[in-house]
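Trainee: Structure file coords_28.txt (compact mmCIF, C-alpha atoms and all ligand atoms) is given on the next line.
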```txt
# COMPACT_ATOMS: atom_id res chain seq x y z
CA MET A 1 1.66 -5.35 -17.89
CA LEU A 2 4.37 -2.80 -18.79
CA THR A 3 4.64 -3.74 -22.45
CA GLY A 4 3.97 -0.72 -24.63
CA LYS A 5 3.19 1.50 -21.63
CA HIS A 6 4.34 5.11 -21.68
CA ILE A 7 6.21 5.84 -18.47
CA LEU A 8 7.53 9.22 -17.40
CA LEU A 9 10.42 8.98 -14.96
CA GLY A 10 11.12 12.17 -13.03
CA VAL A 11 14.55 12.36 -11.44
CA THR A 12 15.27 15.08 -8.87
CA GLY A 13 18.42 16.24 -7.12
CA GLY A 14 18.95 13.59 -4.49
CA ILE A 15 21.94 11.41 -3.81
CA ALA A 16 19.92 8.32 -4.84
CA ALA A 17 19.51 9.65 -8.41
CA TYR A 18 22.05 7.10 -9.65
CA LYS A 19 19.67 4.28 -8.66
CA SER A 20 17.09 5.59 -11.15
CA ALA A 21 19.33 4.37 -13.98
CA LEU A 22 18.49 0.79 -12.95
CA LEU A 23 14.83 1.71 -12.93
CA VAL A 24 15.02 2.92 -16.54
CA ARG A 25 16.76 -0.29 -17.55
CA GLU A 26 14.12 -2.48 -15.92
CA PHE A 27 11.22 -0.51 -17.43
CA VAL A 28 12.80 -0.79 -20.88
CA ARG A 29 13.46 -4.52 -20.38
CA ALA A 30 9.78 -4.97 -19.50
CA GLY A 31 8.80 -3.39 -22.82
CA ALA A 32 7.82 0.09 -21.62
CA GLU A 33 8.68 3.34 -23.37
CA VAL A 34 10.42 5.60 -20.89
CA GLN A 35 10.81 9.36 -21.09
CA VAL A 36 13.20 10.67 -18.46
CA VAL A 37 12.71 14.18 -17.12
CA MET A 38 15.33 15.66 -14.79
CA THR A 39 15.40 18.75 -12.62
CA PRO A 40 18.47 20.92 -13.20
CA SER A 41 19.69 19.87 -9.71
CA ALA A 42 19.47 16.19 -10.66
CA THR A 43 22.08 16.73 -13.38
CA GLN A 44 24.58 17.51 -10.59
CA PHE A 45 24.26 13.90 -9.50
CA VAL A 46 23.97 11.87 -12.75
CA THR A 47 24.60 12.92 -16.33
CA PRO A 48 21.60 13.04 -18.68
CA LEU A 49 23.69 10.92 -21.07
CA THR A 50 23.28 7.90 -18.79
CA PHE A 51 19.49 8.15 -18.86
CA ALA A 52 19.35 9.03 -22.55
CA THR A 53 21.41 5.95 -23.41
CA LEU A 54 19.34 3.62 -21.27
CA SER A 55 15.97 5.03 -22.35
CA ARG A 56 17.02 5.61 -25.99
CA ARG A 57 15.38 9.05 -25.81
CA ASP A 58 16.64 12.55 -25.17
CA VAL A 59 16.28 13.57 -21.56
CA ILE A 60 14.25 16.71 -20.91
CA ILE A 61 15.57 19.18 -18.35
CA GLU A 62 14.88 22.70 -19.55
CA MET A 63 11.49 24.36 -19.76
CA PHE A 64 12.48 26.61 -22.62
CA PRO A 65 14.11 25.40 -25.83
CA PRO A 66 17.80 26.37 -25.99
CA SER A 67 17.36 27.93 -29.42
CA PRO A 68 14.47 30.24 -30.46
CA ASP A 69 14.75 28.68 -33.95
CA GLN A 70 13.21 25.44 -32.74
CA PRO A 71 9.70 24.73 -34.06
CA THR A 72 7.05 26.07 -31.68
CA SER A 73 5.45 22.63 -31.62
CA GLN A 74 8.31 21.61 -29.35
CA TRP A 75 7.61 24.38 -26.86
CA THR A 76 4.66 22.69 -25.22
CA LYS A 77 6.27 19.34 -24.58
CA HIS A 78 5.15 19.39 -20.94
CA ILE A 79 1.52 19.39 -22.12
CA ASP A 80 2.09 16.73 -24.80
CA LEU A 81 3.88 14.41 -22.39
CA GLY A 82 1.18 14.94 -19.76
CA VAL A 83 -1.29 13.44 -22.23
CA TRP A 84 1.15 10.80 -23.59
CA ALA A 85 1.96 9.17 -20.25
CA ASP A 86 0.15 6.17 -18.81
CA CYS A 87 1.89 6.86 -15.51
CA MET A 88 4.59 9.10 -14.04
CA ILE A 89 6.98 8.12 -11.27
CA ILE A 90 9.31 10.56 -9.52
CA ALA A 91 12.17 8.61 -7.99
CA PRO A 92 14.01 9.91 -6.11
CA ALA A 93 11.72 12.77 -5.13
CA THR A 94 13.43 15.50 -3.12
CA ALA A 95 11.81 17.38 -0.26
CA ASN A 96 12.03 20.48 -2.46
CA THR A 97 10.17 19.00 -5.44
CA ILE A 98 7.54 17.41 -3.18
CA ALA A 99 6.93 20.83 -1.59
CA LYS A 100 6.59 22.43 -5.01
CA ILE A 101 4.12 19.80 -6.22
CA ALA A 102 2.10 20.14 -3.00
CA THR A 103 1.71 23.87 -3.60
CA GLY A 104 1.12 23.56 -7.35
CA MET A 105 4.30 25.31 -8.42
CA ALA A 106 5.52 24.95 -11.99
CA ASP A 107 8.96 26.56 -12.03
CA ASN A 108 10.84 23.91 -14.02
CA PHE A 109 10.00 21.34 -16.68
CA LEU A 110 9.35 18.51 -14.22
CA THR A 111 6.96 20.44 -11.96
CA SER A 112 5.15 21.93 -14.98
CA LEU A 113 4.71 18.43 -16.36
CA VAL A 114 3.25 17.21 -13.07
CA LEU A 115 0.57 19.89 -13.29
CA ALA A 116 -0.24 18.88 -16.85
CA LEU A 117 -0.28 15.15 -16.07
CA ARG A 118 -3.53 13.35 -16.84
CA GLY A 119 -2.53 9.90 -15.58
CA PRO A 120 -1.56 8.68 -12.13
CA LEU A 121 1.52 9.88 -10.25
CA VAL A 122 3.84 7.79 -8.06
CA VAL A 123 6.25 9.65 -5.78
CA ALA A 124 9.16 8.09 -3.87
CA PRO A 125 10.30 10.58 -1.20
CA THR A 126 14.04 10.09 -0.66
CA MET A 127 16.11 12.24 1.65
CA ASP A 128 17.96 12.40 4.90
CA VAL A 129 16.03 11.29 7.97
CA ASP A 130 15.64 14.80 9.43
CA MET A 131 14.42 16.24 6.13
CA TYR A 132 11.96 13.37 5.84
CA THR A 133 10.57 13.60 9.37
CA ASN A 134 10.40 17.41 9.21
CA THR A 135 6.83 18.58 9.82
CA ALA A 136 6.77 20.52 6.55
CA THR A 137 7.82 17.49 4.48
CA GLN A 138 5.35 15.21 6.25
CA HIS A 139 2.61 17.76 5.68
CA ASN A 140 3.48 18.02 1.97
CA ILE A 141 3.53 14.23 1.57
CA GLY A 142 0.12 14.14 3.28
CA VAL A 143 -1.20 16.73 0.82
CA LEU A 144 -0.03 14.62 -2.13
CA ARG A 145 -1.52 11.48 -0.61
CA SER A 146 -4.87 13.20 -0.05
CA ARG A 147 -4.90 14.07 -3.76
CA GLY A 148 -4.54 10.41 -4.71
CA VAL A 149 -0.80 10.45 -5.42
CA HIS A 150 0.67 7.01 -4.73
CA ILE A 151 3.47 7.48 -2.19
CA VAL A 152 6.15 4.78 -2.02
CA GLU A 153 7.38 5.00 1.55
CA PRO A 154 11.16 5.29 1.89
CA GLU A 155 13.01 2.45 3.55
CA ALA A 156 14.76 2.82 6.88
CA GLY A 157 18.47 2.14 7.15
CA GLU A 158 21.85 3.73 6.84
CA LEU A 159 21.75 6.92 4.78
CA ALA A 160 24.40 8.57 2.61
CA SER A 161 24.97 11.20 5.33
CA GLY A 162 25.97 8.47 7.76
CA LEU A 163 22.77 8.97 9.77
CA SER A 164 20.25 6.19 10.11
CA GLY A 165 16.46 6.19 9.74
CA PRO A 166 13.76 6.36 7.06
CA GLY A 167 14.76 8.09 3.82
CA ARG A 168 16.32 5.48 1.52
CA LEU A 169 14.98 4.92 -1.98
CA PRO A 170 13.38 1.44 -2.06
CA ASP A 171 14.91 -1.14 -4.39
CA THR A 172 13.99 -1.16 -8.09
CA PRO A 173 11.49 -4.09 -7.86
CA VAL A 174 9.48 -2.21 -5.20
CA LEU A 175 9.27 0.87 -7.44
CA ILE A 176 8.33 -1.22 -10.49
CA GLU A 177 5.65 -2.97 -8.44
CA ALA A 178 4.23 0.41 -7.37
CA VAL A 179 3.93 1.52 -11.01
CA LYS A 180 2.33 -1.79 -12.00
CA ASN A 181 -0.21 -1.42 -9.20
CA VAL A 182 -1.09 2.08 -10.25
CA LEU A 183 -1.56 0.81 -13.80
CA LYS A 184 -3.81 -1.96 -12.47
CA GLY A 185 -5.87 0.83 -10.90
CA THR A 186 -6.30 2.49 -14.27
CA ALA A 187 -7.28 -0.88 -15.80
CA LYS A 188 -10.22 -1.12 -13.29
CA ASP A 189 -10.09 -4.92 -13.45
CA LEU A 190 -12.35 -5.24 -10.38
CA ALA A 191 -15.11 -3.01 -11.75
CA GLY A 192 -18.55 -4.46 -11.03
CA ARG A 193 -17.23 -6.61 -8.15
CA ARG A 194 -18.31 -6.14 -4.55
CA ILE A 195 -15.54 -6.72 -2.04
CA LEU A 196 -16.08 -6.93 1.70
CA VAL A 197 -12.99 -6.28 3.83
CA THR A 198 -12.50 -6.42 7.58
CA ALA A 199 -9.64 -4.63 9.29
CA GLY A 200 -8.11 -3.77 12.63
CA PRO A 201 -8.49 -5.30 16.06
CA THR A 202 -11.62 -5.81 18.10
CA GLN A 203 -12.00 -4.54 21.65
CA GLU A 204 -13.85 -6.72 24.15
CA PRO A 205 -15.04 -4.69 27.14
CA ILE A 206 -14.12 -5.67 30.69
CA ASP A 207 -15.92 -2.59 31.99
CA PRO A 208 -16.75 0.80 30.36
CA VAL A 209 -13.08 1.82 30.59
CA ARG A 210 -11.01 -1.32 30.00
CA TYR A 211 -10.97 -3.91 27.26
CA LEU A 212 -9.19 -6.98 25.93
CA GLY A 213 -7.64 -6.23 22.56
CA ASN A 214 -4.65 -6.84 20.35
CA ARG A 215 -1.94 -4.93 18.51
CA SER A 216 -3.45 -4.96 15.02
CA SER A 217 -3.08 -1.51 13.39
CA GLY A 218 -5.62 -2.12 10.62
CA LYS A 219 -3.13 -0.96 7.96
CA MET A 220 -3.19 -4.24 6.01
CA GLY A 221 -6.99 -4.32 5.74
CA PHE A 222 -7.19 -0.63 4.87
CA ALA A 223 -4.59 -1.25 2.15
CA VAL A 224 -6.75 -4.06 0.72
CA ALA A 225 -9.81 -1.79 0.76
CA SER A 226 -7.89 1.04 -0.87
CA ALA A 227 -6.36 -1.19 -3.56
CA ALA A 228 -9.70 -2.82 -4.36
CA ALA A 229 -11.46 0.54 -4.66
CA SER A 230 -8.68 1.89 -6.91
CA ARG A 231 -9.26 -1.13 -9.17
CA GLY A 232 -12.93 -0.30 -9.51
CA ALA A 233 -14.54 -2.59 -6.92
CA ALA A 234 -17.42 -1.48 -4.72
CA VAL A 235 -15.81 -1.88 -1.30
CA THR A 236 -17.33 -2.14 2.14
CA LEU A 237 -14.77 -1.95 4.93
CA ILE A 238 -15.77 -3.19 8.37
CA ALA A 239 -13.23 -1.59 10.68
CA GLY A 240 -12.40 -2.24 14.30
CA PRO A 241 -11.24 0.73 16.41
CA VAL A 242 -8.30 2.23 14.49
CA ALA A 243 -7.22 5.79 13.78
CA LEU A 244 -6.91 5.48 10.01
CA ALA A 245 -8.54 7.61 7.33
CA THR A 246 -11.15 5.92 5.16
CA PRO A 247 -9.66 5.26 1.71
CA PRO A 248 -11.36 7.22 -1.10
CA GLY A 249 -14.46 5.55 -2.51
CA VAL A 250 -14.79 3.04 0.33
CA GLN A 251 -17.93 2.56 2.40
CA ARG A 252 -16.88 2.17 6.04
CA VAL A 253 -18.72 0.49 8.90
CA ASP A 254 -17.14 1.01 12.34
CA VAL A 255 -17.44 -1.68 15.00
CA HIS A 256 -15.81 -2.37 18.36
CA THR A 257 -16.41 -5.95 19.41
CA ALA A 258 -16.09 -9.29 17.66
CA ARG A 259 -19.82 -9.77 17.96
CA GLU A 260 -20.50 -6.42 16.28
CA MET A 261 -18.05 -7.37 13.55
CA ALA A 262 -19.74 -10.76 13.09
CA ASP A 263 -23.14 -9.05 12.76
CA ALA A 264 -21.79 -6.52 10.25
CA VAL A 265 -20.15 -9.26 8.16
CA SER A 266 -23.36 -11.34 8.16
CA GLY A 267 -25.31 -8.27 7.06
CA HIS A 268 -23.06 -7.57 4.06
CA PHE A 269 -21.82 -11.06 3.14
CA GLY A 270 -24.72 -12.16 0.97
CA ALA A 271 -24.26 -9.24 -1.42
CA CYS A 272 -20.48 -9.50 -1.79
CA ASP A 273 -18.38 -11.39 -4.34
CA ALA A 274 -15.35 -11.75 -2.08
CA LEU A 275 -14.61 -11.42 1.62
CA VAL A 276 -11.08 -10.52 2.69
CA MET A 277 -10.99 -11.07 6.42
CA SER A 278 -7.88 -9.29 7.60
CA ALA A 279 -9.20 -8.12 10.98
CA ALA A 280 -7.57 -9.58 14.07
CA VAL A 281 -10.74 -10.67 15.83
CA ALA A 282 -10.42 -11.46 19.53
CA ASP A 283 -11.05 -15.16 20.13
CA PHE A 284 -12.51 -14.53 23.58
CA ALA A 285 -14.54 -11.82 25.30
CA PRO A 286 -15.21 -11.25 29.02
CA ALA A 287 -18.34 -13.23 29.88
CA SER A 288 -20.06 -10.45 31.83
CA PRO A 289 -18.54 -7.00 31.38
CA ALA A 290 -19.26 -4.67 34.31
CA ASP A 291 -21.66 -1.77 33.74
CA SER A 292 -19.49 0.66 35.70
CA LYS A 293 -15.74 0.91 36.24
CA ILE A 294 -14.40 -1.86 38.44
CA LYS A 295 -12.72 -0.19 41.41
CA ARG A 296 -9.33 -1.38 42.56
CA GLU A 297 -10.55 -1.56 46.18
CA ALA A 298 -13.55 -3.65 45.20
CA LEU A 299 -11.32 -6.43 43.89
CA GLY A 300 -10.37 -7.47 47.43
CA THR A 301 -7.66 -10.00 46.67
CA GLU A 302 -4.31 -9.86 44.82
CA ARG A 303 -5.73 -11.82 41.90
CA PHE A 304 -8.44 -10.70 39.52
CA VAL A 305 -9.81 -13.40 37.26
CA ILE A 306 -11.78 -12.52 34.14
CA GLU A 307 -14.02 -15.27 32.91
CA CYS A 308 -14.19 -15.30 29.12
CA VAL A 309 -16.47 -16.83 26.53
CA LYS A 310 -15.58 -17.78 22.97
CA ASN A 311 -16.37 -15.20 20.31
CA PRO A 312 -18.15 -16.20 17.09
CA ASP A 313 -15.83 -17.59 14.40
CA ILE A 314 -16.63 -15.13 11.61
CA LEU A 315 -14.68 -16.91 8.88
CA ARG A 316 -16.11 -20.32 9.69
CA THR A 317 -19.63 -18.90 9.63
CA ALA A 318 -18.91 -17.20 6.30
CA GLY A 319 -17.58 -20.52 4.95
CA GLU A 320 -20.89 -22.16 5.91
CA MET A 321 -23.01 -19.32 4.49
CA ARG A 322 -21.15 -18.94 1.21
CA THR A 323 -22.98 -19.35 -2.06
CA HIS A 324 -20.54 -17.96 -4.63
CA GLN A 325 -18.19 -15.80 -2.58
CA VAL A 326 -14.41 -16.01 -2.69
CA LEU A 327 -13.08 -16.28 0.86
CA VAL A 328 -9.70 -14.99 1.96
CA GLY A 329 -8.38 -15.31 5.51
CA PHE A 330 -5.21 -14.31 7.32
CA ALA A 331 -3.11 -16.49 9.59
CA LEU A 332 -0.83 -14.74 12.04
CA GLU A 333 1.52 -17.44 13.24
CA THR A 334 4.73 -17.39 15.19
CA ASP A 335 5.51 -21.14 15.06
CA ASN A 336 5.03 -23.78 12.36
CA GLY A 337 3.32 -21.14 10.25
CA LEU A 338 2.87 -23.15 7.04
CA GLU A 339 1.38 -26.14 8.81
CA HIS A 340 -1.07 -24.04 10.84
CA ALA A 341 -2.04 -21.88 7.88
CA ARG A 342 -2.76 -24.90 5.65
CA LYS A 343 -4.87 -26.44 8.40
CA LYS A 344 -6.79 -23.20 8.92
CA ARG A 345 -7.40 -22.77 5.19
CA ALA A 346 -8.79 -26.29 4.81
CA GLY A 347 -10.73 -26.25 8.10
CA LYS A 348 -12.52 -22.99 7.29
CA LYS A 349 -12.97 -23.77 3.59
CA LEU A 350 -11.01 -20.70 2.47
CA ASP A 351 -9.90 -20.13 -1.11
CA LEU A 352 -6.78 -18.32 -0.01
CA ILE A 353 -4.91 -17.79 3.22
CA VAL A 354 -2.34 -15.08 3.84
CA LEU A 355 0.29 -16.21 6.32
CA ASN A 356 2.43 -13.74 8.21
CA ASP A 357 4.72 -13.78 11.22
CA PRO A 358 4.92 -10.50 13.18
CA ARG A 359 8.43 -11.37 14.34
CA VAL A 360 9.88 -11.27 10.83
CA ASP A 361 11.76 -8.06 9.97
CA GLY A 362 9.39 -5.77 8.04
CA ALA A 363 6.22 -7.58 9.11
CA ALA A 364 5.73 -6.11 12.58
CA PHE A 365 2.39 -4.78 13.84
CA GLY A 366 1.86 -1.25 12.60
CA SER A 367 4.67 -1.46 10.04
CA GLU A 368 4.19 0.02 6.56
CA THR A 369 5.47 -3.20 4.98
CA ASN A 370 4.59 -6.86 5.30
CA VAL A 371 6.17 -10.21 4.49
CA VAL A 372 3.53 -12.80 3.64
CA THR A 373 3.07 -16.20 2.05
CA LEU A 374 -0.05 -16.83 -0.01
CA ILE A 375 -1.51 -20.36 0.09
CA GLY A 376 -4.34 -21.30 -2.24
CA SER A 377 -6.40 -24.47 -2.53
CA ASP A 378 -3.48 -26.35 -4.13
CA ASP A 379 -1.65 -25.86 -0.80
CA LYS A 380 1.40 -24.52 -2.65
CA PRO A 381 3.01 -21.63 -0.78
CA GLU A 382 3.78 -18.44 -2.73
CA PRO A 383 6.21 -16.51 -0.53
CA LEU A 384 6.34 -12.79 -1.32
CA PRO A 385 9.31 -10.58 -0.51
CA ARG A 386 9.00 -7.71 1.95
CA MET A 387 6.89 -5.04 0.27
CA PRO A 388 4.61 -2.12 1.18
CA LYS A 389 1.23 -3.27 2.49
CA LEU A 390 -0.48 -1.68 -0.51
CA ASP A 391 1.56 -3.89 -2.84
CA VAL A 392 0.76 -6.98 -0.73
CA ALA A 393 -2.89 -5.95 -1.03
CA HIS A 394 -2.65 -5.87 -4.81
CA ARG A 395 -1.05 -9.33 -4.88
CA ILE A 396 -3.91 -10.69 -2.75
CA LEU A 397 -6.43 -9.04 -5.08
CA ASP A 398 -4.66 -10.50 -8.14
CA ARG A 399 -5.38 -13.94 -6.67
CA VAL A 400 -8.97 -12.95 -5.80
CA LEU A 401 -9.48 -11.79 -9.38
CA GLN A 402 -8.35 -15.20 -10.69
CA LEU A 403 -10.78 -16.93 -8.32
CA LEU A 404 -13.80 -14.79 -9.19
CA PRO A 405 -16.00 -16.19 -11.93
CA ALA A 406 -15.44 -14.41 -15.26
CA ALA A 407 -17.29 -11.10 -15.43
CA ARG A 408 -20.64 -11.31 -17.08
C1 LIG B 501 25.20 15.87 -1.92
C2 LIG B 501 23.78 16.27 -1.82
C3 LIG B 501 22.81 15.32 -1.66
C4 LIG B 501 21.47 15.66 -1.55
N1 LIG B 501 20.55 14.68 -1.38
C5 LIG B 501 19.24 15.02 -1.25
C6 LIG B 501 18.28 14.01 -1.07
O1 LIG B 501 18.58 12.81 -1.06
N2 LIG B 501 16.99 14.40 -0.94
C7 LIG B 501 16.61 15.69 -0.94
O2 LIG B 501 15.43 15.97 -0.76
N3 LIG B 501 17.50 16.68 -1.15
C8 LIG B 501 18.81 16.38 -1.31
N4 LIG B 501 19.73 17.36 -1.51
C9 LIG B 501 19.28 18.77 -1.60
C10 LIG B 501 18.68 19.05 -2.99
O3 LIG B 501 19.63 18.78 -3.99
C11 LIG B 501 18.22 20.49 -3.07
O4 LIG B 501 17.15 20.69 -2.14
C12 LIG B 501 17.77 20.89 -4.45
O5 LIG B 501 17.30 22.22 -4.42
C13 LIG B 501 16.70 19.97 -4.99
O6 LIG B 501 16.26 20.43 -6.27
P1 LIG B 501 15.15 19.68 -7.12
O7 LIG B 501 14.03 19.31 -6.19
O8 LIG B 501 14.73 20.68 -8.13
O9 LIG B 501 15.81 18.50 -7.75
C14 LIG B 501 21.09 17.03 -1.63
C15 LIG B 501 22.07 18.00 -1.85
C16 LIG B 501 23.39 17.63 -1.93
C17 LIG B 501 24.42 18.70 -2.15
```
Would you mind giving the structure from this file in structure tokens?
Ligand SMILES: Cc1cc2nc3c(=O)[nH]c(=O)nc-3n(C[C@H](O)[C@H](O)[C@H](O)COP(=O)(O)O)c2cc1C

Mentor:
Amino acid sequence: MLTGKHILLGVTGGIAAYKSALLVREFVRAGAEVQVVMTPSATQFVTPLTFATLSRRDVIIEMFPPSPDQPTSQWTKHIDLGVWADCMIIAPATANTIAKIATGMADNFLTSLVLALRGPLVVAPTMDVDMYTNTATQHNIGVLRSRGVHIVEPEAGELASGLSGPGRLPDTPVLIEAVKNVLKGTAKDLAGRRILVTAGPTQEPIDPVRYLGNRSSGKMGFAVASAAASRGAAVTLIAGPVALATPPGVQRVDVHTAREMADAVSGHFGACDALVMSAAVADFAPASPADSKIKREALGTERFVIECVKNPDILRTAGEMRTHQVLVGFALETDNGLEHARKKRAGKKLDLIVLNDPRVDGAAFGSETNVVTLIGSDDKPEPLPRMPKLDVAHRILDRVLQLLPAAR
């Protein structure tokens, strides 16, 4: 995927700049052409010679050529490179450079290049925990995200300052994966496909105020919807009650209960090519929810029993209704995960099941990352390392793409 690709690597003045040397090496090993661009501050941390040697190209730092005798054709390199690049990644990205990009500043070569960039941009914010959580930085990151910049979330852990928290540059494979995913987006390999995704929890009313629910954040399903749309698919996202923004280009249908979700899936299933069922649908719902709030005094005794009925099994129904659709389900298991997931996949006639355990580090509810194992119809587990949910989403979609019949 990286062979022959033109990658711009922006390096800014953060303590993690030395790690970018490994990134250059891995891009070059994978067959990419890498042009490194540094901010003047970055040269305080690593010498340009290191990057020039690894990338086999001169590193660009200065906006203006050192000698006025240089041919004028070399004076607009920021424009030329903006056209040349298939993708640009800034890793590490300082709070300062992120702020400049968010406001459209172009006061050095790197920020000028970002403005002239035609292709996609990946940014890996890397800084001390207080700089990262600062309202201004979070706002600026949000601005970039809203413009379609792919943000690679920093990892939490011990930082160079001795403090602890989010701010660390993720390992090289995570950054490479992010670039590959962005390149997949430009390839639009899911164009012409219709993907139906469910996400989030369901809420089953006990009365107008209370409900039975679960801890699903919806982030995994929203990541699948976002990744599929970026790869050109027409995406319908059926979302339980979550406070997440609709990914660009995605058609969203909001539901509350399992029954509403079942109805919405039935309504859209016939027209889709693949269903990715990542919602955590409640298995049971109160049999007769009260029309008005149940008063504490009205309960009478110390015990309050809620009688529940089984909710519809959306995946099983989809398995029975399927004509040509690829079916993907999730299995959230805390014990004997592989065994249960295999059983669920076979029982519900799924093409792929995504197994995860919320107790594993990096796979907790609401986390930005996930640790999953993919199991297809050959029953062979493909365990994936901990990675951002968006990258997990792309891996799931890679498998979906293989399962879809060849495009007509
Ligand atoms: C030792 C040291 C480490 C630093 N590490 C970071 C960092 O990891 N992230 C960050 O945003 N700023 C860091 N800074 C501050 C930036 O270097 C400073 O904001 C600079 O203006 C960034 O310039 P640039 O964005 O043009 O590269 C560090 C500064 C020093 C002295």

Trainee: Fewer than 5 positions away in the same chain doesn't count, so skip those; otherwise give me all residues within 9 Å of Thr202 (chain A), counting all atoms listed in the file, as a PyMOL selection string.

Mentor: chain A and resi 212-214+216+239-241+255-258+261+279-282

Trainee: Region 174-254 of chain A near region 103-123 of chain A within 8 Å: what's each residue's closest atom pair and its distance in Å to one decimal, counting all atoms listed in the file, ordered by chain then ascending residue number, as a tab-separated table?

Mentor:
```
residue	atom	partner	partner_atom	distance
A:Ala178	CA	A:Val122	CA	7.4
A:Val179	CA	A:Val122	CA	6.9
A:Val182	CA	A:Pro120	CA	6.9
```

Trainee: Listing only residues of region 131-241 of chain A within 12 Å of region 324-332 of chain A, what is the closest atom pair and its distance in Å (to one decimal) for each, using all atoms listed in the file, sorted by chain and residue number ascending, as a Markdown table?

Mentor:
```
| residue | atom | partner | partner_atom | distance |
| --- | --- | --- | --- | --- |
| A:Arg193 | CA | A:Gln325 | CA | 10.8 |
| A:Arg194 | CA | A:Gln325 | CA | 9.9 |
| A:Ile195 | CA | A:Val326 | CA | 9.4 |
| A:Leu196 | CA | A:Leu327 | CA | 9.9 |
| A:Val197 | CA | A:Val328 | CA | 9.5 |
| A:Thr198 | CA | A:Gly329 | CA | 10.0 |
| A:Ala199 | CA | A:Phe330 | CA | 10.8 |
| A:Arg215 | CA | A:Leu332 | CA | 11.8 |
| A:Ser216 | CA | A:Leu332 | CA | 10.6 |
| A:Met220 | CA | A:Phe330 | CA | 10.4 |
| A:Gly221 | CA | A:Phe330 | CA | 10.3 |
| A:Val224 | CA | A:Val328 | CA | 11.4 |
```

Trainee: Report as a short mmCIF file (atom, residue, chain, number, x, y, z; two decimals) with C-alpha atoms, in the frame of the given file all protein, DNA and RNA residues lying within 10 Å of Val265 (chain A), evaluated on only C-alpha atoms, omitting residues in the same chain fewer than 3 positions from it.

Mentor:
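So around.cif came out as:
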```
data_model
loop_
_atom_site.label_atom_id
_atom_site.label_comp_id
_atom_site.auth_asym_id
_atom_site.auth_seq_id
_atom_site.Cartn_x
_atom_site.Cartn_y
_atom_site.Cartn_z
CA LEU A 196 -16.08 -6.93 1.70
CA VAL A 197 -12.99 -6.28 3.83
CA THR A 198 -12.50 -6.42 7.58
CA THR A 236 -17.33 -2.14 2.14
CA LEU A 237 -14.77 -1.95 4.93
CA ILE A 238 -15.77 -3.19 8.37
CA VAL A 253 -18.72 0.49 8.90
CA ARG A 259 -19.82 -9.77 17.96
CA GLU A 260 -20.50 -6.42 16.28
CA MET A 261 -18.05 -7.37 13.55
CA ALA A 262 -19.74 -10.76 13.09
CA HIS A 268 -23.06 -7.57 4.06
CA PHE A 269 -21.82 -11.06 3.14
CA GLY A 270 -24.72 -12.16 0.97
CA CYS A 272 -20.48 -9.50 -1.79
CA LEU A 275 -14.61 -11.42 1.62
CA MET A 277 -10.99 -11.07 6.42
CA ILE A 314 -16.63 -15.13 11.61
CA LEU A 315 -14.68 -16.91 8.88
CA THR A 317 -19.63 -18.90 9.63
CA ALA A 318 -18.91 -17.20 6.30
#
```

Trainee: Please report, as JSON lines, each residue of region 148-217 of chain A lying at most 12 Å from region 124-138 of chain A, together with the nearest pair of atoms and the separation in Å rounded to one decimal; use only C-alpha atoms, and order rows by chain and ascending residue number.

Mentor:
```
{"residue": "A:Val149", "atom": "CA", "partner": "A:Ala124", "partner_atom": "CA", "distance": 10.4}
{"residue": "A:His150", "atom": "CA", "partner": "A:Ala124", "partner_atom": "CA", "distance": 8.6}
{"residue": "A:Ile151", "atom": "CA", "partner": "A:Ala124", "partner_atom": "CA", "distance": 6.0}
{"residue": "A:Val152", "atom": "CA", "partner": "A:Ala124", "partner_atom": "CA", "distance": 4.8}
{"residue": "A:Glu153", "atom": "CA", "partner": "A:Ala124", "partner_atom": "CA", "distance": 6.5}
{"residue": "A:Pro154", "atom": "CA", "partner": "A:Thr126", "partner_atom": "CA", "distance": 6.2}
{"residue": "A:Glu155", "atom": "CA", "partner": "A:Thr126", "partner_atom": "CA", "distance": 8.8}
{"residue": "A:Ala156", "atom": "CA", "partner": "A:Val129", "partner_atom": "CA", "distance": 8.6}
{"residue": "A:Gly157", "atom": "CA", "partner": "A:Val129", "partner_atom": "CA", "distance": 9.5}
{"residue": "A:Glu158", "atom": "CA", "partner": "A:Val129", "partner_atom": "CA", "distance": 9.6}
{"residue": "A:Leu159", "atom": "CA", "partner": "A:Asp128", "partner_atom": "CA", "distance": 6.7}
{"residue": "A:Ala160", "atom": "CA", "partner": "A:Asp128", "partner_atom": "CA", "distance": 7.8}
{"residue": "A:Ser161", "atom": "CA", "partner": "A:Asp128", "partner_atom": "CA", "distance": 7.1}
{"residue": "A:Gly162", "atom": "CA", "partner": "A:Asp128", "partner_atom": "CA", "distance": 9.4}
{"residue": "A:Leu163", "atom": "CA", "partner": "A:Val129", "partner_atom": "CA", "distance": 7.4}
{"residue": "A:Ser164", "atom": "CA", "partner": "A:Val129", "partner_atom": "CA", "distance": 7.0}
{"residue": "A:Gly165", "atom": "CA", "partner": "A:Val129", "partner_atom": "CA", "distance": 5.4}
{"residue": "A:Pro166", "atom": "CA", "partner": "A:Val129", "partner_atom": "CA", "distance": 5.5}
{"residue": "A:Gly167", "atom": "CA", "partner": "A:Met127", "partner_atom": "CA", "distance": 4.9}
{"residue": "A:Arg168", "atom": "CA", "partner": "A:Thr126", "partner_atom": "CA", "distance": 5.6}
{"residue": "A:Leu169", "atom": "CA", "partner": "A:Thr126", "partner_atom": "CA", "distance": 5.4}
{"residue": "A:Pro170", "atom": "CA", "partner": "A:Ala124", "partner_atom": "CA", "distance": 8.1}
{"residue": "A:Asp171", "atom": "CA", "partner": "A:Ala124", "partner_atom": "CA", "distance": 10.9}
{"residue": "A:Thr172", "atom": "CA", "partner": "A:Ala124", "partner_atom": "CA", "distance": 11.3}
{"residue": "A:Val174", "atom": "CA", "partner": "A:Ala124", "partner_atom": "CA", "distance": 10.4}
{"residue": "A:Leu175", "atom": "CA", "partner": "A:Ala124", "partner_atom": "CA", "distance": 8.1}
{"residue": "A:Ile176", "atom": "CA", "partner": "A:Ala124", "partner_atom": "CA", "distance": 11.5}
{"residue": "A:Ala178", "atom": "CA", "partner": "A:Ala124", "partner_atom": "CA", "distance": 9.8}
{"residue": "A:Val179", "atom": "CA", "partner": "A:Ala124", "partner_atom": "CA", "distance": 11.0}
```
